[in-house]
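Structure file upload.tsv with TSV, C-alpha atoms and all ligand atoms:
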```
chain	number	residue	atom	x	y	z
W	1	MET	CA	-11.38	-42.62	84.27
W	2	LEU	CA	-12.96	-39.29	85.23
W	3	THR	CA	-10.93	-37.05	87.53
W	4	LEU	CA	-12.36	-33.94	89.15
W	5	TYR	CA	-9.86	-31.34	90.30
W	6	GLN	CA	-11.67	-29.38	92.93
W	7	PHE	CA	-11.96	-27.45	96.13
W	8	PRO	CA	-14.28	-29.50	98.39
W	9	ILE	CA	-15.81	-26.25	99.69
W	10	SER	CA	-16.61	-24.77	96.26
W	11	HIS	CA	-20.27	-24.78	95.27
W	12	TYR	CA	-19.27	-24.72	91.58
W	13	CYS	CA	-17.38	-27.96	92.27
W	14	GLU	CA	-20.43	-29.31	94.09
W	15	LYS	CA	-22.45	-28.60	90.94
W	16	VAL	CA	-20.16	-30.96	89.02
W	17	ARG	CA	-20.06	-33.57	91.81
W	18	TRP	CA	-23.88	-33.64	91.74
W	19	ALA	CA	-23.94	-33.95	87.93
W	20	LEU	CA	-21.46	-36.84	88.06
W	21	SER	CA	-23.35	-38.71	90.76
W	22	TYR	CA	-26.75	-37.99	89.18
W	23	LYS	CA	-25.43	-39.62	86.01
W	24	LYS	CA	-24.04	-42.49	88.15
W	25	LEU	CA	-20.51	-42.02	86.82
W	26	ASP	CA	-17.50	-43.27	88.73
W	27	TYR	CA	-14.95	-40.56	89.30
W	28	GLN	CA	-12.05	-39.66	91.51
W	29	THR	CA	-11.48	-36.28	93.12
W	30	LYS	CA	-8.18	-34.49	93.46
W	31	ASN	CA	-8.50	-31.80	96.10
W	32	LEU	CA	-6.28	-28.77	95.59
W	33	LEU	CA	-5.35	-26.16	98.18
W	34	PRO	CA	-6.41	-22.59	97.38
W	35	GLY	CA	-3.36	-20.66	96.28
W	36	LEU	CA	-1.35	-23.75	95.42
W	37	HIS	CA	-4.11	-24.85	93.01
W	38	SER	CA	-3.23	-22.37	90.30
W	39	GLN	CA	-0.06	-24.13	89.16
W	40	LYS	CA	-1.88	-27.44	88.56
W	41	ALA	CA	-4.93	-25.76	87.03
W	42	ARG	CA	-2.79	-23.71	84.63
W	43	LYS	CA	-0.91	-26.80	83.59
W	44	LEU	CA	-4.21	-28.51	82.74
W	45	THR	CA	-6.05	-25.69	80.98
W	46	GLY	CA	-4.01	-22.49	80.98
W	47	LEU	CA	-6.43	-20.86	83.45
W	48	THR	CA	-6.74	-21.16	87.22
W	49	SER	CA	-10.38	-21.71	88.19
W	50	LEU	CA	-11.77	-24.98	89.52
W	51	PRO	CA	-13.61	-27.28	88.87
W	52	ILE	CA	-11.66	-28.97	86.09
W	53	LEU	CA	-12.68	-32.37	84.81
W	54	VAL	CA	-10.10	-34.59	83.12
W	55	HIS	CA	-11.34	-37.43	80.93
W	56	ASP	CA	-9.85	-39.31	78.01
W	57	GLY	CA	-7.07	-36.75	77.49
W	58	ASN	CA	-9.51	-33.80	77.68
W	59	ALA	CA	-9.33	-31.19	80.45
W	60	VAL	CA	-12.62	-29.29	80.71
W	61	GLN	CA	-12.94	-26.19	82.86
W	62	ASN	CA	-16.05	-24.31	83.97
W	63	SER	CA	-18.93	-26.16	85.60
W	64	SER	CA	-21.44	-25.53	82.80
W	65	ASP	CA	-18.98	-26.65	80.09
W	66	ILE	CA	-18.29	-29.75	82.18
W	67	ILE	CA	-22.03	-30.62	82.35
W	68	THR	CA	-22.31	-30.11	78.58
W	69	TYR	CA	-19.27	-32.37	78.08
W	70	LEU	CA	-20.71	-35.05	80.37
W	71	ASP	CA	-24.07	-35.01	78.59
W	72	GLU	CA	-22.34	-35.35	75.22
W	73	LYS	CA	-20.05	-38.18	76.30
W	74	PHE	CA	-22.50	-39.96	78.61
W	75	PRO	CA	-25.98	-39.17	77.25
W	76	GLU	CA	-27.86	-41.51	79.62
W	77	THR	CA	-29.69	-39.57	82.37
W	78	CYS	CA	-29.27	-36.36	80.42
W	79	LEU	CA	-29.34	-33.10	82.38
W	80	THR	CA	-29.73	-31.01	79.23
W	81	PRO	CA	-33.21	-31.09	77.62
W	82	LEU	CA	-33.22	-32.62	74.14
W	83	ASP	CA	-35.73	-30.13	72.76
W	84	ASP	CA	-33.83	-27.08	71.41
W	85	ASN	CA	-36.06	-24.46	73.02
W	86	LEU	CA	-36.02	-26.14	76.41
W	87	LYS	CA	-32.26	-26.64	76.12
W	88	GLN	CA	-31.76	-22.91	75.57
W	89	GLU	CA	-34.06	-22.11	78.49
W	90	ALA	CA	-32.10	-24.47	80.76
W	91	LEU	CA	-28.78	-22.93	79.69
W	92	ASN	CA	-30.15	-19.44	80.32
W	93	TRP	CA	-31.33	-20.38	83.84
W	94	GLU	CA	-28.01	-22.04	84.57
W	95	LYS	CA	-26.13	-18.90	83.48
W	96	PHE	CA	-28.46	-16.87	85.68
W	97	ALA	CA	-27.70	-19.18	88.65
W	98	ASP	CA	-23.93	-19.09	88.00
W	99	GLU	CA	-23.87	-15.30	87.93
W	100	GLN	CA	-26.75	-14.11	90.11
W	101	ILE	CA	-26.65	-16.83	92.79
W	102	GLY	CA	-23.21	-18.48	92.83
W	103	ILE	CA	-21.24	-15.26	93.11
W	104	PRO	CA	-23.44	-13.50	95.73
W	105	VAL	CA	-23.67	-16.66	97.86
W	106	ARG	CA	-19.88	-16.92	97.82
W	107	ILE	CA	-19.43	-13.28	98.85
W	108	ILE	CA	-22.07	-13.48	101.60
W	109	CYS	CA	-20.60	-16.68	103.10
W	110	TYR	CA	-16.96	-15.64	102.92
W	111	GLN	CA	-17.67	-12.15	104.28
W	112	THR	CA	-18.44	-13.86	107.60
W	113	LEU	CA	-16.48	-17.12	107.38
W	114	LEU	CA	-13.09	-15.71	106.34
W	115	ASP	CA	-12.85	-14.43	109.92
W	116	TYR	CA	-13.24	-18.02	111.18
W	117	PRO	CA	-10.22	-20.07	110.08
W	118	ASP	CA	-11.28	-22.85	112.46
W	119	ILE	CA	-14.35	-23.38	110.26
W	120	LEU	CA	-12.74	-22.75	106.87
W	121	ILE	CA	-9.45	-24.63	107.16
W	122	PRO	CA	-11.18	-28.03	107.61
W	123	PHE	CA	-13.37	-27.16	104.58
W	124	PHE	CA	-10.35	-26.30	102.44
W	125	THR	CA	-8.44	-29.39	103.53
W	126	ALA	CA	-11.22	-32.01	103.62
W	127	ASN	CA	-9.80	-35.42	102.63
W	128	SER	CA	-6.30	-33.98	102.24
W	129	PRO	CA	-2.99	-35.29	103.62
W	130	TRP	CA	-2.55	-34.76	107.39
W	131	TYR	CA	-0.01	-31.93	107.07
W	132	GLN	CA	-2.15	-29.65	104.88
W	133	PRO	CA	-4.20	-28.09	107.70
W	134	TYR	CA	-0.90	-27.04	109.33
W	135	LEU	CA	0.39	-25.64	106.05
W	136	LEU	CA	-2.82	-23.71	105.51
W	137	LYS	CA	-2.94	-22.40	109.08
W	138	ALA	CA	0.48	-20.84	108.57
W	139	ALA	CA	-0.56	-19.37	105.22
W	140	TYR	CA	-4.05	-18.32	106.38
W	141	PRO	CA	-3.45	-14.57	107.03
W	142	VAL	CA	-2.07	-14.12	103.51
W	143	LEU	CA	-4.61	-16.49	101.95
W	144	SER	CA	-7.63	-14.76	103.50
W	145	LYS	CA	-6.36	-11.36	102.43
W	146	THR	CA	-5.76	-12.62	98.89
W	147	MET	CA	-9.22	-14.21	98.76
W	148	ARG	CA	-10.88	-11.00	99.94
W	149	HIS	CA	-9.04	-9.14	97.23
W	150	SER	CA	-9.48	-11.59	94.34
W	151	MET	CA	-13.19	-12.22	95.01
W	152	ALA	CA	-13.98	-8.63	96.04
W	153	ILE	CA	-15.23	-9.59	99.49
W	154	SER	CA	-15.99	-6.67	101.79
W	155	PRO	CA	-18.91	-5.36	103.90
W	156	GLU	CA	-19.97	-3.22	100.91
W	157	THR	CA	-19.90	-6.02	98.36
W	158	ALA	CA	-21.73	-8.27	100.85
W	159	THR	CA	-24.56	-5.73	101.05
W	160	ALA	CA	-24.77	-5.58	97.26
W	161	ALA	CA	-24.59	-9.40	97.09
W	162	ASN	CA	-27.55	-9.68	99.46
W	163	GLN	CA	-29.60	-7.39	97.24
W	164	LYS	CA	-28.66	-9.43	94.18
W	165	LEU	CA	-29.42	-12.75	95.86
W	166	SER	CA	-32.72	-11.50	97.19
W	167	ALA	CA	-33.79	-10.42	93.68
W	168	ALA	CA	-32.63	-13.75	92.21
W	169	LEU	CA	-34.56	-15.76	94.79
W	170	ASP	CA	-37.68	-13.69	94.14
W	171	LYS	CA	-37.37	-14.36	90.41
W	172	ILE	CA	-36.99	-18.09	91.04
W	173	CYS	CA	-39.98	-18.18	93.42
W	174	VAL	CA	-42.16	-16.47	90.81
W	175	ARG	CA	-41.00	-18.98	88.19
W	176	LEU	CA	-41.81	-21.90	90.49
W	177	GLU	CA	-45.28	-20.69	91.49
W	178	ASN	CA	-47.09	-23.33	89.41
W	179	ARG	CA	-44.34	-25.75	88.54
W	180	PRO	CA	-41.87	-28.07	90.30
W	181	PHE	CA	-38.93	-27.45	87.92
W	182	LEU	CA	-37.43	-24.34	86.33
W	183	VAL	CA	-37.61	-25.75	82.79
W	184	GLY	CA	-40.02	-28.25	81.22
W	185	ASN	CA	-41.44	-31.00	83.36
W	186	GLN	CA	-38.32	-32.74	84.58
W	187	PHE	CA	-35.20	-32.14	86.66
W	188	THR	CA	-32.53	-30.44	84.52
W	189	ARG	CA	-29.19	-28.72	84.83
W	190	ALA	CA	-31.08	-25.49	85.56
W	191	ASP	CA	-32.46	-26.94	88.81
W	192	LEU	CA	-29.19	-28.67	89.66
W	193	ALA	CA	-27.17	-25.47	89.16
W	194	THR	CA	-29.55	-23.35	91.21
W	195	ALA	CA	-29.80	-25.79	94.13
W	196	SER	CA	-26.08	-26.55	94.31
W	197	LEU	CA	-25.11	-22.88	94.21
W	198	LEU	CA	-27.56	-22.17	97.05
W	199	ALA	CA	-26.47	-25.22	99.05
W	200	PRO	CA	-23.92	-23.53	101.35
W	201	LEU	CA	-26.89	-21.61	102.79
W	202	PHE	CA	-28.75	-24.76	103.88
W	203	LYS	CA	-25.82	-27.16	104.38
W	204	PRO	CA	-27.06	-30.44	102.86
W	205	LYS	CA	-25.19	-33.54	104.06
W	206	GLN	CA	-24.86	-34.80	100.46
W	207	TYR	CA	-22.44	-31.90	99.78
W	208	GLY	CA	-19.80	-33.91	101.64
W	209	LEU	CA	-18.52	-31.27	104.07
W	210	SER	CA	-18.76	-31.47	107.86
W	211	TRP	CA	-20.82	-28.31	108.19
W	212	PRO	CA	-20.73	-26.51	111.56
W	213	GLU	CA	-24.02	-26.93	113.39
W	214	HIS	CA	-24.41	-23.15	113.49
W	215	TYR	CA	-22.76	-20.55	111.31
W	216	PRO	CA	-21.52	-17.43	113.09
W	217	GLU	CA	-23.37	-14.11	112.90
W	218	PRO	CA	-24.23	-12.21	110.79
W	219	LEU	CA	-24.37	-15.14	108.36
W	220	VAL	CA	-26.87	-17.09	110.42
W	221	SER	CA	-29.36	-14.20	110.49
W	222	THR	CA	-28.89	-13.51	106.80
W	223	ILE	CA	-29.71	-17.13	106.01
W	224	ALA	CA	-32.72	-17.18	108.38
W	225	HIS	CA	-34.11	-14.32	106.34
W	226	TYR	CA	-33.98	-16.48	103.17
W	227	SER	CA	-35.03	-19.80	104.73
W	228	GLU	CA	-38.53	-20.09	103.19
W	229	LYS	CA	-37.12	-19.39	99.74
W	230	LEU	CA	-34.52	-22.14	100.15
W	231	ALA	CA	-37.08	-24.90	100.78
W	232	TRP	CA	-37.37	-25.86	97.10
W	233	ALA	CA	-33.59	-26.30	96.69
W	234	ASN	CA	-33.46	-28.30	99.90
W	235	GLU	CA	-36.18	-30.61	98.55
W	236	LEU	CA	-34.25	-31.10	95.29
W	237	TYR	CA	-31.29	-32.30	97.35
W	238	ALA	CA	-33.51	-34.79	99.15
W	239	LYS	CA	-35.00	-36.10	95.88
W	240	TYR	CA	-32.20	-35.93	93.33
W	241	ARG	CA	-28.80	-35.70	95.05
G	301	LIG	N1	-17.75	-20.04	86.23
G	301	LIG	C1	-16.87	-20.95	86.93
G	301	LIG	C2	-16.64	-20.41	88.32
G	301	LIG	C3	-15.68	-21.27	89.10
G	301	LIG	C4	-15.06	-20.52	90.25
G	301	LIG	O1	-15.39	-19.36	90.51
G	301	LIG	N2	-14.15	-21.21	90.93
G	301	LIG	C5	-13.47	-20.63	92.05
G	301	LIG	C6	-13.79	-21.43	93.32
G	301	LIG	S1	-15.47	-21.25	93.78
G	301	LIG	C7	-11.97	-20.71	91.82
G	301	LIG	O2	-11.48	-21.68	91.30
G	301	LIG	N3	-11.24	-19.67	92.23
G	301	LIG	C8	-9.80	-19.65	92.17
G	301	LIG	C9	-9.27	-19.20	90.84
G	301	LIG	O3	-10.04	-18.76	89.96
G	301	LIG	O4	-8.04	-19.24	90.68
G	301	LIG	C10	-17.50	-22.34	86.97
G	301	LIG	O5	-18.72	-22.43	86.83
G	301	LIG	O6	-16.77	-23.34	87.07
```

Is it possible to give me this structure as structure tokens?
Ligand SMILES: N[C@@H](CCC(=O)N[C@@H](CS)C(=O)NCC(=O)O)C(=O)O
Amino acid sequence: MLTLYQFPISHYCEKVRWALSYKKLDYQTKNLLPGLHSQKARKLTGLTSLPILVHDGNAVQNSSDIITYLDEKFPETCLTPLDDNLKQEALNWEKFADEQIGIPVRIICYQTLLDYPDILIPFFTANSPWYQPYLLKAAYPVLSKTMRHSMAISPETATAANQKLSAALDKICVRLENRPFLVGNQFTRADLATASLLAPLFKPKQYGLSWPEHYPEPLVSTIAHYSEKLAWANELYAKYR
């Protein structure tokens, strides 16, 4: 049995959900509440970040390590290229996406959405017991402050995150000028990582959240500015998710 400990809202967790479903593996999810998650996560791995995948007595943390683990244990429908050079290229692009896309997207989204508990609380508590939204509502002022602090979310960091994301998207567009995939001639973990970490900007239904029809400002204008550059990731969702 594969068990994914996750936050439904987290795009790093979505990366692993996509990998699991792309490989057609049965798995169960255990949704943890932000704040309360750290006790369970520490017990499993000694560290607090999610996603964590538990399988066969192994607890694997970090989305890229989880994809490597899955490809080793379940090599059918491999997301990692077999050729050594292509494999290294895919890992490099994935690292680039984790650092230069995942983190800025998170800062940009939370900079607006943390002021909207009515949007975020259902995201945090998707598929959770009935009482958790009430629990989280009571804890929300402290939680949002802690999240701002721990993830360095502020107007200043959001400006820097936009610059970083803009540069990352430009780099990806240049790479994709004459090719459908970031690495080699097939869908790999590089494409999956990039598209899933961009996904909160284009709200694909396969992500599993009930997205609001419209995000509040300034997030909606920020995203409109990137919309053309998100088309490729959106298409990958349609074809491979
Ligand atoms: N590099 C990690 C990043 C994961 C990450 O940043 N997880 C966040 C949620 S998006 C988290 O668990 N934060 C709470 C914590 O670290 O305690 C991965 O790829 O899995």

Would you list the contacts of range 166-183 of chain W as a ChimeraX atom specification, taking every protein, DNA or RNA residue within 10 Å and counting only C-alpha atoms, but skipping same-chain residues closer than 3 positions in sequence?
/W:81,85-91,93-94,96-97,99-101,104,160-163,186-192,194,198,225-226,229-230,232,236

Write out as CSV a residue-level contact list of range 102-146 of chain W versus range 28-36 of chain W with cut-off 7 Å: for each qualifying residue the closest pair of atoms and the distance in Å to one decimal, counting all atoms listed in the file, rows sorted by chain and residue number upward.
```
residue,atom,partner,partner_atom,distance
W:Phe124,CA,W:Leu33,CA,6.6
W:Thr125,CA,W:Leu33,CA,7.0
W:Ser128,CA,W:Asn31,CA,6.9
```

For ligand LIG 301 (chain G), list the contacting residues at 6 Å or closer, counting only C-alpha atoms and all ligand atoms, as a VMD selection string.
chain W and resid 10 12 38 48 to 51 62 to 64

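Remark: for Leu82 in chain W, the closest of the candidate residues W:Gly184, W:Gly102, W:Pro155, W:Pro117 is W:Gly184 (distances computed over all atoms listed in the file).
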
Counting all atoms listed in the file, I want the residues whose atoms come within 6 Å of (-23.5, -26.1, 91.7) in the file frame, returned as a PyMOL selection string.
chain W and resi 11-12+14-15+193+196-197

Please indicate the distance in Å from CA of Ala41 in chain W to CA of Tyr5 in chain W, rounded to one decimal place.
8.1 Å

Quick one: residues within 10 Å of Leu209 in chain W, only C-alpha atoms counted, chain neighbours fewer than 4 positions away excluded, as a PyMOL selection string?
chain W and resi 8-9+122-124+126-127+200+203-205

Mind writing the picked residues with C-alpha atoms as an mmCIF file, in the frame of the given file?
```
data_model
loop_
_atom_site.group_PDB
_atom_site.id
_atom_site.type_symbol
_atom_site.label_atom_id
_atom_site.label_comp_id
_atom_site.auth_asym_id
_atom_site.auth_seq_id
_atom_site.Cartn_x
_atom_site.Cartn_y
_atom_site.Cartn_z
ATOM 1 C CA PRO W 8 -14.280 -29.500 98.390
ATOM 2 C CA ILE W 9 -15.810 -26.250 99.690
ATOM 3 C CA PRO W 122 -11.180 -28.030 107.610
ATOM 4 C CA PHE W 123 -13.370 -27.160 104.580
ATOM 5 C CA PHE W 124 -10.350 -26.300 102.440
ATOM 6 C CA ALA W 126 -11.220 -32.010 103.620
ATOM 7 C CA ASN W 127 -9.800 -35.420 102.630
ATOM 8 C CA PRO W 200 -23.920 -23.530 101.350
ATOM 9 C CA LYS W 203 -25.820 -27.160 104.380
ATOM 10 C CA PRO W 204 -27.060 -30.440 102.860
ATOM 11 C CA LYS W 205 -25.190 -33.540 104.060
#
```

Long-range neighbours of Thr112 in chain W as a PyMOL selection string, 12 Å cut-off, only C-alpha atoms, 6 positions minimum in chain:
chain W and resi 105-106+119-120+144+148+153-155+158+215-223

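Of the listed residues W:Tyr110, W:Pro133, W:His149, W:Ile103, the one whose atoms come nearest to Leu165 in chain W is W:Ile103, with distances taken using all atoms listed in the file.
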
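If only C-alpha atoms are the atoms counted, then among W:Leu201, W:Ile107, W:Ala59, W:Ile121 the closest residue to Met151 in chain W is W:Ile107.
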
Taking every listed atom of range 228-234 of chain W and adding 3 Å to each side, what centre and edge lengths in Å (one decimal) does the axis-aligned box have, as AutoDock Vina command-line options?
```
--center_x -36.0 --center_y -23.8 --center_z 99.9 --size_x 11.1 --size_y 14.9 --size_z 12.5
```

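CA of Leu70 in chain W lies 17.9 Å from CA of Leu44 in chain W.
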
Have range 184-211 of chain W completed to N, CA and C atoms, please, and pass it along as a PDB file, in the frame of the given file.
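Result file follows (rebuild-v4.pdb):
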```
ATOM      1  N   GLY W 184     -39.336 -27.015  81.639  1.00  0.00           N
ATOM      2  CA  GLY W 184     -40.020 -28.250  81.220  1.00  0.00           C
ATOM      3  C   GLY W 184     -40.644 -28.958  82.403  1.00  0.00           C
ATOM      4  N   ASN W 185     -40.779 -30.277  82.264  1.00  0.00           N
ATOM      5  CA  ASN W 185     -41.440 -31.000  83.360  1.00  0.00           C
ATOM      6  C   ASN W 185     -40.544 -32.075  83.954  1.00  0.00           C
ATOM      7  N   GLN W 186     -39.221 -31.818  83.877  1.00  0.00           N
ATOM      8  CA  GLN W 186     -38.320 -32.740  84.580  1.00  0.00           C
ATOM      9  C   GLN W 186     -37.094 -32.000  85.121  1.00  0.00           C
ATOM     10  N   PHE W 187     -36.401 -32.686  86.038  1.00  0.00           N
ATOM     11  CA  PHE W 187     -35.200 -32.140  86.660  1.00  0.00           C
ATOM     12  C   PHE W 187     -34.119 -31.931  85.595  1.00  0.00           C
ATOM     13  N   THR W 188     -33.577 -30.727  85.518  1.00  0.00           N
ATOM     14  CA  THR W 188     -32.530 -30.440  84.520  1.00  0.00           C
ATOM     15  C   THR W 188     -31.346 -29.739  85.189  1.00  0.00           C
ATOM     16  N   ARG W 189     -30.374 -29.437  84.360  1.00  0.00           N
ATOM     17  CA  ARG W 189     -29.190 -28.720  84.830  1.00  0.00           C
ATOM     18  C   ARG W 189     -29.530 -27.343  85.410  1.00  0.00           C
ATOM     19  N   ALA W 190     -30.668 -26.791  85.006  1.00  0.00           N
ATOM     20  CA  ALA W 190     -31.080 -25.490  85.560  1.00  0.00           C
ATOM     21  C   ALA W 190     -31.384 -25.646  87.053  1.00  0.00           C
ATOM     22  N   ASP W 191     -32.134 -26.695  87.407  1.00  0.00           N
ATOM     23  CA  ASP W 191     -32.460 -26.940  88.810  1.00  0.00           C
ATOM     24  C   ASP W 191     -31.206 -27.319  89.596  1.00  0.00           C
ATOM     25  N   LEU W 192     -30.414 -28.195  88.989  1.00  0.00           N
ATOM     26  CA  LEU W 192     -29.190 -28.670  89.660  1.00  0.00           C
ATOM     27  C   LEU W 192     -28.248 -27.494  89.959  1.00  0.00           C
ATOM     28  N   ALA W 193     -28.077 -26.612  88.968  1.00  0.00           N
ATOM     29  CA  ALA W 193     -27.170 -25.470  89.160  1.00  0.00           C
ATOM     30  C   ALA W 193     -27.693 -24.569  90.278  1.00  0.00           C
ATOM     31  N   THR W 194     -28.986 -24.271  90.224  1.00  0.00           N
ATOM     32  CA  THR W 194     -29.550 -23.350  91.210  1.00  0.00           C
ATOM     33  C   THR W 194     -29.420 -23.929  92.618  1.00  0.00           C
ATOM     34  N   ALA W 195     -29.809 -25.203  92.781  1.00  0.00           N
ATOM     35  CA  ALA W 195     -29.800 -25.790  94.130  1.00  0.00           C
ATOM     36  C   ALA W 195     -28.372 -25.937  94.661  1.00  0.00           C
ATOM     37  N   SER W 196     -27.434 -26.355  93.784  1.00  0.00           N
ATOM     38  CA  SER W 196     -26.080 -26.550  94.310  1.00  0.00           C
ATOM     39  C   SER W 196     -25.430 -25.213  94.665  1.00  0.00           C
ATOM     40  N   LEU W 197     -25.735 -24.173  93.916  1.00  0.00           N
ATOM     41  CA  LEU W 197     -25.110 -22.880  94.210  1.00  0.00           C
ATOM     42  C   LEU W 197     -25.730 -22.220  95.440  1.00  0.00           C
ATOM     43  N   LEU W 198     -26.947 -22.665  95.802  1.00  0.00           N
ATOM     44  CA  LEU W 198     -27.560 -22.170  97.050  1.00  0.00           C
ATOM     45  C   LEU W 198     -27.169 -23.027  98.255  1.00  0.00           C
ATOM     46  N   ALA W 199     -26.633 -24.221  97.995  1.00  0.00           N
ATOM     47  CA  ALA W 199     -26.470 -25.220  99.050  1.00  0.00           C
ATOM     48  C   ALA W 199     -25.681 -24.765 100.291  1.00  0.00           C
ATOM     49  N   PRO W 200     -24.617 -23.942 100.132  1.00  0.00           N
ATOM     50  CA  PRO W 200     -23.920 -23.530 101.350  1.00  0.00           C
ATOM     51  C   PRO W 200     -24.834 -22.805 102.346  1.00  0.00           C
ATOM     52  N   LEU W 201     -25.973 -22.313 101.871  1.00  0.00           N
ATOM     53  CA  LEU W 201     -26.890 -21.610 102.790  1.00  0.00           C
ATOM     54  C   LEU W 201     -27.738 -22.581 103.605  1.00  0.00           C
ATOM     55  N   PHE W 202     -27.915 -23.833 103.089  1.00  0.00           N
ATOM     56  CA  PHE W 202     -28.750 -24.760 103.880  1.00  0.00           C
ATOM     57  C   PHE W 202     -28.008 -26.062 104.235  1.00  0.00           C
ATOM     58  N   LYS W 203     -26.751 -26.139 103.896  1.00  0.00           N
ATOM     59  CA  LYS W 203     -25.820 -27.160 104.380  1.00  0.00           C
ATOM     60  C   LYS W 203     -26.299 -28.617 104.229  1.00  0.00           C
ATOM     61  N   PRO W 204     -26.616 -29.047 103.010  1.00  0.00           N
ATOM     62  CA  PRO W 204     -27.060 -30.440 102.860  1.00  0.00           C
ATOM     63  C   PRO W 204     -25.916 -31.428 103.130  1.00  0.00           C
ATOM     64  N   LYS W 205     -26.254 -32.567 103.711  1.00  0.00           N
ATOM     65  CA  LYS W 205     -25.190 -33.540 104.060  1.00  0.00           C
ATOM     66  C   LYS W 205     -24.580 -34.140 102.803  1.00  0.00           C
ATOM     67  N   GLN W 206     -25.373 -34.210 101.705  1.00  0.00           N
ATOM     68  CA  GLN W 206     -24.860 -34.800 100.460  1.00  0.00           C
ATOM     69  C   GLN W 206     -23.698 -33.999  99.861  1.00  0.00           C
ATOM     70  N   TYR W 207     -23.518 -32.760 100.298  1.00  0.00           N
ATOM     71  CA  TYR W 207     -22.440 -31.900  99.780  1.00  0.00           C
ATOM     72  C   TYR W 207     -21.073 -32.477 100.139  1.00  0.00           C
ATOM     73  N   GLY W 208     -21.038 -33.221 101.274  1.00  0.00           N
ATOM     74  CA  GLY W 208     -19.800 -33.910 101.640  1.00  0.00           C
ATOM     75  C   GLY W 208     -18.891 -33.160 102.594  1.00  0.00           C
ATOM     76  N   LEU W 209     -19.327 -31.990 103.077  1.00  0.00           N
ATOM     77  CA  LEU W 209     -18.520 -31.270 104.070  1.00  0.00           C
ATOM     78  C   LEU W 209     -19.090 -31.502 105.459  1.00  0.00           C
ATOM     79  N   SER W 210     -18.236 -31.425 106.480  1.00  0.00           N
ATOM     80  CA  SER W 210     -18.760 -31.470 107.860  1.00  0.00           C
ATOM     81  C   SER W 210     -19.136 -30.051 108.252  1.00  0.00           C
ATOM     82  N   TRP W 211     -20.357 -29.686 107.932  1.00  0.00           N
ATOM     83  CA  TRP W 211     -20.820 -28.310 108.190  1.00  0.00           C
ATOM     84  C   TRP W 211     -20.832 -28.047 109.702  1.00  0.00           C
TER      85      TRP W 211
END
```
